[in-house]
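Before any comments, here is the structure.
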Amino acid sequence: MRRGAGFVTPKELVSAVGDRLRLAANPRNAGPMQRYMKSTMPYLGITAPRLKALCRDIFTEFPLGSGADWRQTIQLLWRNATHREQRYAAIALADFKEYHSSETLAVLPRYREMIRTGAWWDYVDQLASHRIGSLLRKYPGVMKPILVRWARSTDLWLRRAAILAQLGFKGSTDGILLLACIEPSVGHPDFFLRKGIGWALRQYAREKPRTVIRYVERNRSRLSPLSKREALKALLRAGVVKRVP
């Protein structure tokens, strides 16, 4: 099954993932998981901790030989998926630390496709906060204008991805970029955009509470009640602010 110096082909890894996931399937879980996620794609019924462990073991046992193979495997897992766990495996492969050095701008079209065709929060939030965020750290000069364009897209999930890309940045958050990505969606009625705005501002408030408080106050008539509540949630709990404007 192996080729070269112990490496496998993309098709071989995809086959190994499919085989292992089918063996781990739990039909009793599948229906409830599908209903909870409101998914048209069925589940195999594998719990998140079990799936994480399976993917780690498979990716370690069946290594890929190049960044090109890694990108192709992500694409094959995603496009050929018949069950949601296979798409989770594609994201897990993108996240797998052994391939972080292979993560260049060449993979961005794959991530963009996954965000647009996945079109649901469980896929998009992981990709945005981990993988798009990683590319932003590595290539800020290229990624910043891309995220600003995404923030203005007609695709609401690209907008959400742009808003959430800096979730894990803490003190290195680019506040100007964050607010530029939020701005086109401030008045949008979509729940996931409103929730995403609040979540991103809440994370930023951990580092810049006064900045977020001022922003919410200045934009209290434009921000949705949901966005304001989410943005100030931790500050309300801590008593830093007394009420939502």
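Within each chain, counting starts at residue 1; across the structure tokens, chains are named A, B, ... in the order shown, with ligands numbered 1 upward in that order.
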
Counting only C-alpha atoms, give me one row per residue of range 86-126 of chain A with an atom at most 12 Å from an atom of range 8-19 of chain A, showing the shortest contact pair and its distance in Å to one decimal, sorted by chain then residue number, as a Markdown table.
```
| residue | atom | partner | partner_atom | distance |
| --- | --- | --- | --- | --- |
| A:Gln86 | CA | A:Gly18 | CA | 7.3 |
| A:Arg87 | CA | A:Val17 | CA | 10.7 |
| A:Tyr88 | CA | A:Val17 | CA | 11.0 |
| A:Ala89 | CA | A:Val17 | CA | 7.8 |
| A:Ala90 | CA | A:Val14 | CA | 9.3 |
| A:Ala92 | CA | A:Val17 | CA | 11.4 |
| A:Leu93 | CA | A:Leu13 | CA | 10.5 |
```

Saved selection, atoms kept: N, CA, C and O atoms, as a compact mmCIF listing (two decimals), in the first residue's frame:
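Dumped to selection.txt:
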```
# COMPACT_ATOMS: atom_id res chain seq x y z
N GLN A 86 -16.61 12.30 6.94
CA GLN A 86 -15.54 12.33 5.94
C GLN A 86 -15.11 13.78 5.66
O GLN A 86 -13.93 14.04 5.42
N ARG A 87 -16.06 14.68 5.72
CA ARG A 87 -15.69 16.09 5.58
C ARG A 87 -14.99 16.61 6.84
O ARG A 87 -14.07 17.42 6.75
N TYR A 88 -15.40 16.11 7.98
CA TYR A 88 -14.66 16.46 9.19
C TYR A 88 -13.23 15.95 9.10
O TYR A 88 -12.29 16.59 9.58
N ALA A 89 -13.05 14.79 8.49
CA ALA A 89 -11.70 14.24 8.32
C ALA A 89 -10.87 15.12 7.40
O ALA A 89 -9.66 15.28 7.60
N ALA A 90 -11.49 15.68 6.37
CA ALA A 90 -10.77 16.60 5.48
C ALA A 90 -10.26 17.81 6.26
O ALA A 90 -9.11 18.26 6.08
N ALA A 92 -9.75 17.85 9.51
CA ALA A 92 -8.74 17.35 10.44
C ALA A 92 -7.39 17.19 9.75
O ALA A 92 -6.33 17.46 10.34
N LEU A 93 -7.40 16.76 8.49
CA LEU A 93 -6.14 16.64 7.75
C LEU A 93 -5.53 18.02 7.50
O LEU A 93 -4.32 18.19 7.59
```

### Message
Set the distance at 12 Å and use only C-alpha atoms: which residues neighbour Met41 in chain A once local chain neighbours fewer than 6 positions away are removed? I'd like the list as a PyMOL selection string.
### Response
chain A and resi 30-31+33-35+80-87+118+120

Can I get the selected residues back with all heavy atoms, as a compact mmCIF listing (two decimals), in the first residue's frame?
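Final file, again_36.txt:
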```txt
# COMPACT_ATOMS: atom_id res chain seq x y z
N ALA A 30 -26.24 8.04 14.49
CA ALA A 30 -26.24 8.76 13.21
C ALA A 30 -27.45 9.67 13.04
O ALA A 30 -27.32 10.85 12.67
CB ALA A 30 -26.15 7.77 12.06
N GLY A 31 -28.63 9.15 13.31
CA GLY A 31 -29.84 9.94 13.12
C GLY A 31 -29.90 11.15 14.02
O GLY A 31 -30.13 12.28 13.55
N MET A 33 -27.47 12.74 15.44
CA MET A 33 -26.43 13.70 15.06
C MET A 33 -26.85 14.49 13.82
O MET A 33 -26.64 15.70 13.75
CB MET A 33 -25.11 12.95 14.82
CG MET A 33 -24.50 12.37 16.08
SD MET A 33 -23.10 11.26 15.78
CE MET A 33 -21.82 12.43 15.35
N GLN A 34 -27.45 13.80 12.87
CA GLN A 34 -27.89 14.47 11.65
C GLN A 34 -28.99 15.49 11.95
O GLN A 34 -28.99 16.60 11.43
CB GLN A 34 -28.37 13.45 10.62
CG GLN A 34 -28.75 14.08 9.28
CD GLN A 34 -29.12 13.05 8.24
OE1 GLN A 34 -29.06 11.85 8.48
NE2 GLN A 34 -29.50 13.52 7.06
N ARG A 35 -29.91 15.11 12.82
CA ARG A 35 -31.00 16.04 13.17
C ARG A 35 -30.47 17.24 13.94
O ARG A 35 -30.90 18.38 13.69
CB ARG A 35 -32.06 15.30 13.99
CG ARG A 35 -32.89 14.32 13.17
CD ARG A 35 -34.10 13.83 13.94
NE ARG A 35 -33.72 13.03 15.09
CZ ARG A 35 -33.49 11.71 15.04
NH1 ARG A 35 -33.58 11.07 13.89
NH2 ARG A 35 -33.18 11.05 16.13
N ASN A 80 -15.57 13.93 -2.31
CA ASN A 80 -16.11 12.58 -2.45
C ASN A 80 -16.89 12.11 -1.23
O ASN A 80 -17.34 10.97 -1.19
CB ASN A 80 -14.98 11.59 -2.74
CG ASN A 80 -14.30 11.86 -4.07
OD1 ASN A 80 -14.86 12.50 -4.94
ND2 ASN A 80 -13.06 11.39 -4.21
N ALA A 81 -17.03 12.97 -0.24
CA ALA A 81 -17.68 12.56 1.01
C ALA A 81 -19.13 12.16 0.78
O ALA A 81 -19.88 12.84 0.06
CB ALA A 81 -17.61 13.70 2.02
N THR A 82 -19.52 11.06 1.40
CA THR A 82 -20.92 10.64 1.42
C THR A 82 -21.52 10.84 2.80
O THR A 82 -22.75 10.81 2.96
CB THR A 82 -21.04 9.16 1.03
OG1 THR A 82 -20.24 8.36 1.92
CG2 THR A 82 -20.57 8.93 -0.41
N HIS A 83 -20.66 11.02 3.81
CA HIS A 83 -21.09 11.23 5.18
C HIS A 83 -20.31 12.40 5.79
O HIS A 83 -19.18 12.67 5.39
CB HIS A 83 -20.88 9.96 6.03
CG HIS A 83 -21.76 8.82 5.62
ND1 HIS A 83 -21.49 8.04 4.52
CD2 HIS A 83 -22.93 8.35 6.15
CE1 HIS A 83 -22.43 7.13 4.38
NE2 HIS A 83 -23.32 7.29 5.35
N ARG A 84 -20.93 13.03 6.74
CA ARG A 84 -20.36 14.27 7.27
C ARG A 84 -18.99 14.05 7.93
O ARG A 84 -18.11 14.90 7.86
CB ARG A 84 -21.34 14.91 8.26
CG ARG A 84 -21.22 16.43 8.33
CD ARG A 84 -22.40 17.05 9.06
NE ARG A 84 -22.33 18.50 9.06
CZ ARG A 84 -22.84 19.30 8.12
NH1 ARG A 84 -23.48 18.75 7.09
NH2 ARG A 84 -22.73 20.61 8.21
N GLU A 85 -18.80 12.89 8.55
CA GLU A 85 -17.51 12.62 9.19
C GLU A 85 -16.36 12.64 8.20
O GLU A 85 -15.21 12.95 8.57
CB GLU A 85 -17.55 11.27 9.92
CG GLU A 85 -18.37 11.26 11.20
CD GLU A 85 -19.82 10.85 10.97
OE1 GLU A 85 -20.28 10.90 9.81
OE2 GLU A 85 -20.47 10.48 11.95
N GLN A 86 -16.61 12.30 6.94
CA GLN A 86 -15.54 12.33 5.94
C GLN A 86 -15.11 13.78 5.66
O GLN A 86 -13.93 14.04 5.42
CB GLN A 86 -16.01 11.64 4.66
CG GLN A 86 -16.16 10.13 4.84
CD GLN A 86 -17.00 9.50 3.74
OE1 GLN A 86 -18.01 10.05 3.31
NE2 GLN A 86 -16.59 8.32 3.30
N ARG A 87 -16.06 14.68 5.72
CA ARG A 87 -15.69 16.09 5.58
C ARG A 87 -14.99 16.61 6.84
O ARG A 87 -14.07 17.42 6.75
CB ARG A 87 -16.92 16.93 5.24
CG ARG A 87 -17.35 16.73 3.78
CD ARG A 87 -18.35 17.75 3.31
NE ARG A 87 -18.34 17.81 1.85
CZ ARG A 87 -19.10 18.61 1.13
NH1 ARG A 87 -19.96 19.44 1.72
NH2 ARG A 87 -19.02 18.61 -0.19
N GLY A 118 -19.48 23.89 2.10
CA GLY A 118 -19.89 23.38 3.41
C GLY A 118 -21.06 24.18 3.95
O GLY A 118 -22.03 23.62 4.44
N TRP A 120 -22.05 25.79 6.50
CA TRP A 120 -22.67 25.58 7.81
C TRP A 120 -21.63 25.81 8.89
O TRP A 120 -20.43 25.68 8.65
CB TRP A 120 -23.30 24.20 7.92
CG TRP A 120 -24.36 24.08 8.99
CD1 TRP A 120 -24.38 23.25 10.06
CD2 TRP A 120 -25.58 24.84 9.07
NE1 TRP A 120 -25.52 23.41 10.80
CE2 TRP A 120 -26.28 24.39 10.22
CE3 TRP A 120 -26.15 25.85 8.30
CZ2 TRP A 120 -27.51 24.92 10.62
CZ3 TRP A 120 -27.38 26.38 8.68
CH2 TRP A 120 -28.05 25.92 9.83
```

### Within 6 Å of range 124-136 of chain A using only C-alpha atoms, minus same-chain residues under 3 positions, as a list in words
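With the cut-off at 6 Å, the set is Ile115, Trp121, Tyr139, Pro140, Met143, Ala161, Leu164, Ala165, Gln166 and Leu167 of chain A.
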
Output N, CA and C atoms for every residue in that selection, as an mmCIF file, in the first residue's frame.
```cif
data_model
loop_
_atom_site.group_PDB
_atom_site.id
_atom_site.type_symbol
_atom_site.label_atom_id
_atom_site.label_comp_id
_atom_site.auth_asym_id
_atom_site.auth_seq_id
_atom_site.Cartn_x
_atom_site.Cartn_y
_atom_site.Cartn_z
ATOM 1 N N ILE A 115 -15.426 26.278 2.566
ATOM 2 C CA ILE A 115 -16.302 27.233 3.251
ATOM 3 C C ILE A 115 -17.585 27.438 2.460
ATOM 4 N N TRP A 121 -22.078 26.164 10.077
ATOM 5 C CA TRP A 121 -21.166 26.682 11.089
ATOM 6 C C TRP A 121 -20.120 25.679 11.556
ATOM 7 N N TYR A 139 0.860 35.103 6.002
ATOM 8 C CA TYR A 139 0.879 35.962 4.813
ATOM 9 C C TYR A 139 -0.052 37.159 4.998
ATOM 10 N N PRO A 140 0.212 37.995 6.001
ATOM 11 C CA PRO A 140 -0.728 39.095 6.287
ATOM 12 C C PRO A 140 -0.907 40.059 5.119
ATOM 13 N N MET A 143 -3.270 38.177 2.729
ATOM 14 C CA MET A 143 -4.550 37.728 3.271
ATOM 15 C C MET A 143 -5.457 38.865 3.726
ATOM 16 N N ALA A 161 -16.491 33.760 7.758
ATOM 17 C CA ALA A 161 -15.094 33.327 7.865
ATOM 18 C C ALA A 161 -14.165 34.515 8.033
ATOM 19 N N LEU A 164 -14.422 35.805 11.612
ATOM 20 C CA LEU A 164 -13.916 34.905 12.659
ATOM 21 C C LEU A 164 -12.450 34.513 12.492
ATOM 22 N N ALA A 165 -11.795 34.981 11.458
ATOM 23 C CA ALA A 165 -10.428 34.528 11.167
ATOM 24 C C ALA A 165 -9.439 34.823 12.286
ATOM 25 N N GLN A 166 -9.688 35.864 13.077
ATOM 26 C CA GLN A 166 -8.734 36.230 14.127
ATOM 27 C C GLN A 166 -9.174 35.782 15.524
ATOM 28 N N LEU A 167 -10.084 34.845 15.612
ATOM 29 C CA LEU A 167 -10.606 34.443 16.923
ATOM 30 C C LEU A 167 -9.514 34.066 17.920
#
```

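Here CA of Trp157 in chain A and CA of Ala119 in chain A stand 6.0 Å from one another.
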
### Query
Counting only C-alpha atoms, what is within 10 Å of Leu147 in chain A, bar same-chain residues fewer than 3 positions away, as number ranges by chain?
A: 132, 136, 142-144, 150-153, 158-159, 161-163, 165, 177-178, 180-181

Store the residues picked out above in a file with C-alpha atoms, as a compact mmCIF listing (two decimals), in the first residue's frame.
```
# COMPACT_ATOMS: atom_id res chain seq x y z
CA ILE A 132 -7.71 30.92 7.49
CA LEU A 136 -3.36 35.31 7.85
CA VAL A 142 -1.80 38.94 0.95
CA MET A 143 -4.55 37.73 3.27
CA LYS A 144 -5.77 41.04 4.69
CA TRP A 150 -14.66 38.11 1.59
CA ALA A 151 -16.32 40.38 4.14
CA ARG A 152 -18.19 42.08 1.29
CA SER A 153 -19.07 38.86 -0.53
CA LEU A 158 -17.22 33.79 3.39
CA ARG A 159 -18.33 36.86 5.33
CA ALA A 161 -15.09 33.33 7.87
CA ALA A 162 -13.56 36.78 7.43
CA ILE A 163 -15.10 37.96 10.70
CA ALA A 165 -10.43 34.53 11.17
CA LEU A 177 -8.87 44.53 10.01
CA LEU A 178 -11.42 43.03 12.40
CA ALA A 180 -13.26 46.32 8.47
CA CYS A 181 -14.47 42.72 8.19
```

### Task
Using only C-alpha atoms, pick whichever of A:Gly168, A:Gly196, A:Pro245, A:Pro209 has the shortest atom-to-atom distance to Ile182 in chain A.
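Checking each candidate against Ile182 in chain A, we get A:Gly196 as the closest.
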
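The alpha helix (DSSP H) portion of range 141-182 of chain A consists of Gly141, Val142, Met143, Lys144, Pro145, Ile146, Leu147, Val148, Arg149, Trp150, Ala151, Leu156, Trp157, Leu158, Arg159, Arg160, Ala161, Ala162, Ile163, Leu164, Gly175, Ile176, Leu177, Leu178, Leu179, Ala180, Cys181 and Ile182 of chain A, with states taken from DSSP on the backbone.
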